[in-house]
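Visitor: Pasting in a structure now, in structure tokens, and then I'll have a few things to ask.
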Amino acid sequence: MNIVQRAINRVTPKFIKQSIIKNYQTNSSFKQWFGKTFFGIENSTLETNENIFSVVSRLSNTLSSLPFKKYLNYDQQFDEEMDRLVYYPNKNQTLDQIINVLEVSRDTNGNGYALIMRDIRGQLDMLVPFNPNYVEPVLEQNSNELWYVVNNDGKTYYFHNSDVIHVRHIAGNGNWKGISPIAVLKNSNDFDKAVREFSLKEMQSPRDSFILTYASNVDEEKRAAVVEDFRRFYDENGGVLFQEPGVTIEEMKRNFVATDMQITEGITRDRIANVYNVPSIFLNSNSSSFSSNEQLMQLFVNMTLTPIVKQYEREFNKKILRKEERVKGYYFKFNMMGLLRGDSDARQKFYHGGIRDGWMAPDEARMLEEMPPRGGKASELWISGDMYPQDMDPTLRKSNKAGTKDVIKGD
């Protein structure tokens, strides 16, 4: 960033950013929201397609519910800056709500943006998400650095990439904007919509139709009587109908077949699952590929959540932490262990192996189960062989040889 750009970035953003978010923080009047589509045209698909709504809800709710912590070389930290980020990133939201909004934007528009406001020390003062439809990433020609063009109330503003949290789906080579998953699913959604409309039209069509066939010897008066009798039977939706000699009644078959709609629904679910990279069983698709819920969650965490979480962590570490903090070993991290805990039997085996093999302390297992640590020996690492502290003198351990007395000495 050259001198002019640095001056623009540090001097003007305060009032510019305030103008961007002035309506966002209003909590007294919502008239300006009426009739607005917050996520653009794609949001109408989100609101009308229950499969897409299900996937986006699962991803955004799961991500926003993960514990988000600050560490210093593996030691958890909670200071005043972390308190502000988690509980007061802006006047109206907490951090989990902001992450939820960002993920919904990312899964519909393909991009989620949040504006970082800093105090005079360069530390986080406020974090505010904004509408991705009004943002366009551009490269400055001289410095070749990324800036974001934001249109608001007919005015255009420029923000350096260091002041904008940007999470996205994959993008083509040379493109800084992520591809909208809903745009990718357009053809599938159109086909699914056409099938639904056709099926609904068939189900809402009049009741079953019939063909009345008369023999040549049936006169006009008898035909009229038969038609009137059949009309009464049809209007009353049942009853007794006598079939006169020389008259044949044949039902006209309807075209609606429930299995056809079920097959189409299954194809659409698979396509949505593929685009969002989630197991199709999350969309109620039948699957025998997983022998346990633990295997399913392992796949979900490894193939779906980990790339998403890593993107959020990189953005927060790079743009919210200062360089000197990163050099000291500070970093933000989502804790996904809760999703991999499995059932009680799997957790018991996991903790048992960790404690006996000497890489997990009993207190660490207690804290993972939301129980308070006991301290003392429970905070130390042990090894198997009747379980001794790792720093204990081996000569003080109990002998396993038959007939040998204990050699543990008192103080």
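For the structure tokens, the naming scheme is as follows: chains receive sequential letters (A, B, ...) according to their order of presentation, residues are indexed from 1 within each chain, and ligands are indexed from 1 in presentation order.
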Pull the closest atom pair for each residue of segment 163-184 of chain A that gets at most 12 Å from segment 84-105 of chain A, along with the distance in Å to one decimal, counting only C-alpha atoms, ordering rows by chain and then ascending residue number, as CSV.

Guide:
```
residue,atom,partner,partner_atom,distance
A:Ile165,CA,A:Leu102,CA,9.3
A:His166,CA,A:Leu102,CA,8.7
A:Val167,CA,A:Leu102,CA,7.4
A:Arg168,CA,A:Glu103,CA,8.7
A:His169,CA,A:Glu103,CA,10.1
A:Gly178,CA,A:Ser105,CA,10.8
A:Ile179,CA,A:Ser105,CA,11.6
A:Ser180,CA,A:Ser105,CA,9.4
A:Pro181,CA,A:Ser105,CA,10.7
A:Ile182,CA,A:Ser105,CA,11.1
```

Visitor: Show me, as a count of residues only, the residues that have an atom within 10 Å of Arg322 of chain A when counting only C-alpha atoms, minus same-chain residues fewer than 6 positions from it.

Guide: 4

Visitor: Determine, counting only C-alpha atoms, which protein, DNA and RNA residues have an atom within 12 Å of an atom of Asn302 of chain A; residues of the same chain fewer than 3 positions away are not included. Present the result as JSON, numbers by chain.

Guide: {"A": [277, 278, 279, 295, 296, 297, 298, 299, 305, 306, 307, 308, 309, 310, 336, 337, 339, 340]}

Visitor: May I have the residues from that selection written out with N, CA and C atoms, as a JSON list (two decimals), in the first residue's frame?

Guide:
```
[["chain", "number", "residue", "atom", "x", "y", "z"],
["A", 277, "ASN", "N", -21.53, -29.76, -0.91],
["A", 277, "ASN", "CA", -20.52, -30.67, -0.37],
["A", 277, "ASN", "C", -20.90, -31.20, 1.01],
["A", 278, "VAL", "N", -22.15, -31.64, 1.15],
["A", 278, "VAL", "CA", -22.60, -32.24, 2.40],
["A", 278, "VAL", "C", -23.09, -33.66, 2.10],
["A", 279, "PRO", "N", -23.04, -34.57, 3.06],
["A", 279, "PRO", "CA", -23.59, -35.92, 2.83],
["A", 279, "PRO", "C", -25.07, -35.83, 2.49],
["A", 295, "GLN", "N", -19.04, -41.99, 12.17],
["A", 295, "GLN", "CA", -18.47, -41.99, 10.83],
["A", 295, "GLN", "C", -19.05, -40.86, 9.98],
["A", 296, "LEU", "N", -20.37, -40.65, 10.10],
["A", 296, "LEU", "CA", -21.03, -39.59, 9.34],
["A", 296, "LEU", "C", -20.49, -38.23, 9.73],
["A", 297, "MET", "N", -20.37, -37.97, 11.03],
["A", 297, "MET", "CA", -19.87, -36.68, 11.47],
["A", 297, "MET", "C", -18.40, -36.50, 11.13],
["A", 298, "GLN", "N", -17.63, -37.57, 11.12],
["A", 298, "GLN", "CA", -16.23, -37.48, 10.72],
["A", 298, "GLN", "C", -16.11, -37.03, 9.27],
["A", 299, "LEU", "N", -16.96, -37.59, 8.40],
["A", 299, "LEU", "CA", -16.96, -37.17, 7.00],
["A", 299, "LEU", "C", -17.39, -35.72, 6.86],
["A", 305, "LEU", "N", -16.82, -29.06, 6.81],
["A", 305, "LEU", "CA", -16.60, -27.98, 7.77],
["A", 305, "LEU", "C", -15.16, -27.48, 7.81],
["A", 306, "THR", "N", -14.19, -28.38, 7.73],
["A", 306, "THR", "CA", -12.80, -27.98, 7.89],
["A", 306, "THR", "C", -12.37, -26.90, 6.89],
["A", 307, "PRO", "N", -12.65, -27.04, 5.58],
["A", 307, "PRO", "CA", -12.27, -25.95, 4.65],
["A", 307, "PRO", "C", -12.97, -24.64, 4.96],
["A", 308, "ILE", "N", -14.24, -24.71, 5.39],
["A", 308, "ILE", "CA", -14.98, -23.49, 5.71],
["A", 308, "ILE", "C", -14.39, -22.83, 6.95],
["A", 309, "VAL", "N", -14.17, -23.62, 7.99],
["A", 309, "VAL", "CA", -13.64, -23.11, 9.25],
["A", 309, "VAL", "C", -12.25, -22.50, 9.04],
["A", 310, "LYS", "N", -11.42, -23.17, 8.26],
["A", 310, "LYS", "CA", -10.06, -22.66, 8.01],
["A", 310, "LYS", "C", -10.11, -21.30, 7.33],
["A", 336, "MET", "N", -13.86, -27.86, 16.95],
["A", 336, "MET", "CA", -14.79, -28.81, 16.34],
["A", 336, "MET", "C", -14.81, -30.16, 17.04],
["A", 337, "MET", "N", -14.12, -30.26, 18.17],
["A", 337, "MET", "CA", -14.06, -31.55, 18.86],
["A", 337, "MET", "C", -15.43, -32.02, 19.31],
["A", 339, "LEU", "N", -18.15, -31.98, 17.79],
["A", 339, "LEU", "CA", -18.85, -32.71, 16.72],
["A", 339, "LEU", "C", -18.30, -34.11, 16.54],
["A", 340, "LEU", "N", -17.12, -34.40, 17.08],
["A", 340, "LEU", "CA", -16.46, -35.69, 16.86],
["A", 340, "LEU", "C", -16.45, -36.54, 18.13]]
```

Visitor: Atom CA of Leu283 of chain A to atom CA of Asn51 of chain A: how many Å, to one decimal?

Guide: 6.7 Å

Visitor: List every residue of segment 55-228 of chain A that DSSP, applied to the backbone of this structure, places in alpha helix (DSSP H), and write the result as an MDAnalysis selection string.

Guide: chainID A and resid 55:65 80:87 95:108 181:184 186:204 220:228

Visitor: Just checking: using only C-alpha atoms, which residue out of A:Phe316, A:Arg271, A:Tyr74, A:Asn173 ends up closest to Ser188 of chain A?

Guide: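 Nearest candidate to Ser188 of chain A out of A:Phe316, A:Arg271, A:Tyr74, A:Asn173: A:Arg271.
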
Visitor: With distances taken over only C-alpha atoms, which residue among A:Phe159, A:Trp359, A:Phe53, A:Phe78 lies nearest Leu381 of chain A?

Guide: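 Residue with the minimum atom-to-atom distance to Leu381 of chain A: A:Trp359.
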
Visitor: Please extract the residues of segment 48-192 of chain A with a backbone DSSP assignment of strand (DSSP E) and present them as a ChimeraX atom specification.

Guide: /A:68-72,75-77,111-118,124-130,135-139,146-152,155-160,164-168

Visitor: In Å, how far is it from atom CA of Gly358 of chain A to atom CA of Tyr388 of chain A?

Guide: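 One can read the atom CA of Gly358 of chain A to atom CA of Tyr388 of chain A distance as 9.8 Å.
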
Visitor: Quick one: of A:Thr62, A:Asn142, A:Asn109, A:Asn73, who's nearest to Lys177 of chain A, counting only C-alpha atoms?

Guide: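 Closest residue, counting only C-alpha atoms: A:Asn109.
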
Visitor: Residues near Pro362 of chain A, anyone? I mean within 9 Å using only C-alpha atoms, not counting same-chain ones fewer than 3 positions away, as a PyMOL selection string.

Guide: chain A and resi 351+354-355+365-367+373-374+377-382

Visitor: Would you list the contacts of Leu115 of chain A as a ChimeraX atom specification, taking every protein, DNA or RNA residue within 10 Å and counting only C-alpha atoms, but skipping same-chain residues closer than 6 positions in sequence?

Guide: /A:17,20-21,126-130,159,161-166

Visitor: Write the selection just made, keeping all heavy atoms, as a compact mmCIF listing (two decimals), in the first residue's frame?

Guide:
```
# COMPACT_ATOMS: atom_id res chain seq x y z
N LYS A 17 -17.27 4.67 6.96
CA LYS A 17 -17.83 3.43 7.49
C LYS A 17 -19.10 3.70 8.29
O LYS A 17 -20.04 2.92 8.26
CB LYS A 17 -16.80 2.71 8.36
CG LYS A 17 -15.61 2.21 7.56
CD LYS A 17 -14.52 1.68 8.48
CE LYS A 17 -13.30 1.25 7.68
NZ LYS A 17 -12.20 0.80 8.54
N ILE A 20 -21.88 3.86 5.99
CA ILE A 20 -22.26 2.55 5.46
C ILE A 20 -23.20 1.83 6.42
O ILE A 20 -24.14 1.17 6.01
CB ILE A 20 -21.00 1.68 5.23
CG1 ILE A 20 -20.20 2.23 4.06
CG2 ILE A 20 -21.36 0.24 4.97
CD1 ILE A 20 -20.83 2.03 2.72
N ILE A 21 -22.94 1.96 7.71
CA ILE A 21 -23.68 1.15 8.69
C ILE A 21 -24.70 1.95 9.48
O ILE A 21 -25.32 1.42 10.40
CB ILE A 21 -22.70 0.49 9.69
CG1 ILE A 21 -22.01 1.55 10.53
CG2 ILE A 21 -21.71 -0.37 8.98
CD1 ILE A 21 -21.14 0.99 11.63
N MET A 126 -15.35 -2.29 15.94
CA MET A 126 -16.66 -2.74 15.55
C MET A 126 -16.55 -3.66 14.34
O MET A 126 -15.67 -3.49 13.49
CB MET A 126 -17.58 -1.54 15.22
CG MET A 126 -19.06 -1.86 15.15
SD MET A 126 -20.05 -0.36 14.88
CE MET A 126 -19.61 0.58 16.35
N LEU A 127 -17.44 -4.65 14.27
CA LEU A 127 -17.49 -5.58 13.14
C LEU A 127 -18.93 -5.66 12.68
O LEU A 127 -19.81 -6.08 13.43
CB LEU A 127 -16.98 -6.96 13.57
CG LEU A 127 -16.90 -8.04 12.49
CD1 LEU A 127 -15.87 -7.66 11.43
CD2 LEU A 127 -16.56 -9.39 13.10
N VAL A 128 -19.18 -5.27 11.41
CA VAL A 128 -20.55 -5.18 10.90
C VAL A 128 -20.66 -5.86 9.54
O VAL A 128 -19.95 -5.49 8.60
CB VAL A 128 -20.99 -3.70 10.76
CG1 VAL A 128 -22.42 -3.62 10.27
CG2 VAL A 128 -20.83 -2.97 12.07
N PRO A 129 -21.51 -6.87 9.40
CA PRO A 129 -21.73 -7.48 8.07
C PRO A 129 -22.58 -6.57 7.20
O PRO A 129 -23.39 -5.80 7.70
CB PRO A 129 -22.48 -8.78 8.41
CG PRO A 129 -23.17 -8.50 9.69
CD PRO A 129 -22.29 -7.53 10.45
N PHE A 130 -22.37 -6.64 5.88
CA PHE A 130 -23.22 -5.85 5.00
C PHE A 130 -23.58 -6.63 3.75
O PHE A 130 -23.04 -7.70 3.48
CB PHE A 130 -22.59 -4.49 4.64
CG PHE A 130 -21.16 -4.55 4.19
CD1 PHE A 130 -20.84 -4.87 2.88
CD2 PHE A 130 -20.14 -4.26 5.07
CE1 PHE A 130 -19.53 -4.89 2.45
CE2 PHE A 130 -18.81 -4.28 4.64
CZ PHE A 130 -18.51 -4.60 3.34
N PHE A 159 -12.75 0.35 0.22
CA PHE A 159 -12.13 -0.15 1.44
C PHE A 159 -11.01 -1.11 1.08
O PHE A 159 -11.18 -1.98 0.22
CB PHE A 159 -13.16 -0.87 2.32
CG PHE A 159 -14.31 0.00 2.74
CD1 PHE A 159 -15.55 -0.13 2.14
CD2 PHE A 159 -14.14 0.97 3.71
CE1 PHE A 159 -16.60 0.67 2.51
CE2 PHE A 159 -15.19 1.77 4.10
CZ PHE A 159 -16.43 1.63 3.50
N ASN A 161 -8.55 -4.29 1.54
CA ASN A 161 -8.91 -5.65 1.93
C ASN A 161 -8.60 -5.94 3.39
O ASN A 161 -9.20 -6.84 3.99
CB ASN A 161 -8.22 -6.67 1.02
CG ASN A 161 -6.72 -6.73 1.24
OD1 ASN A 161 -6.21 -7.38 2.14
ND2 ASN A 161 -5.99 -6.01 0.38
N SER A 162 -7.69 -5.19 4.01
CA SER A 162 -7.37 -5.42 5.41
C SER A 162 -8.49 -4.98 6.34
O SER A 162 -8.48 -5.32 7.52
CB SER A 162 -6.08 -4.68 5.78
OG SER A 162 -6.22 -3.28 5.58
N ASP A 163 -9.46 -4.22 5.83
CA ASP A 163 -10.58 -3.74 6.63
C ASP A 163 -11.87 -4.49 6.33
O ASP A 163 -12.94 -4.08 6.79
CB ASP A 163 -10.82 -2.25 6.40
CG ASP A 163 -9.77 -1.39 7.08
OD1 ASP A 163 -9.28 -1.83 8.14
OD2 ASP A 163 -9.46 -0.31 6.58
N VAL A 164 -11.81 -5.56 5.57
CA VAL A 164 -13.02 -6.28 5.20
C VAL A 164 -12.80 -7.79 5.40
O VAL A 164 -11.87 -8.36 4.83
CB VAL A 164 -13.42 -6.01 3.73
CG1 VAL A 164 -14.65 -6.84 3.34
CG2 VAL A 164 -13.70 -4.53 3.51
N ILE A 165 -13.64 -8.40 6.21
CA ILE A 165 -13.66 -9.86 6.30
C ILE A 165 -14.43 -10.38 5.09
O ILE A 165 -15.58 -10.00 4.86
CB ILE A 165 -14.37 -10.32 7.60
CG1 ILE A 165 -13.59 -9.86 8.83
CG2 ILE A 165 -14.55 -11.83 7.62
CD1 ILE A 165 -12.27 -10.56 9.03
N HIS A 166 -13.80 -11.24 4.30
CA HIS A 166 -14.43 -11.77 3.09
C HIS A 166 -14.32 -13.29 3.09
O HIS A 166 -13.22 -13.84 2.99
CB HIS A 166 -13.75 -11.18 1.85
CG HIS A 166 -14.36 -11.65 0.56
ND1 HIS A 166 -13.75 -11.46 -0.68
CD2 HIS A 166 -15.51 -12.32 0.31
CE1 HIS A 166 -14.51 -11.99 -1.62
NE2 HIS A 166 -15.58 -12.53 -1.04
```

Visitor: Tell me, in Å to one decimal, how far atom CA of Tyr276 of chain A is from atom CA of Asn293 of chain A.

Guide: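 That distance, rounded to one decimal, is 20.0 Å.
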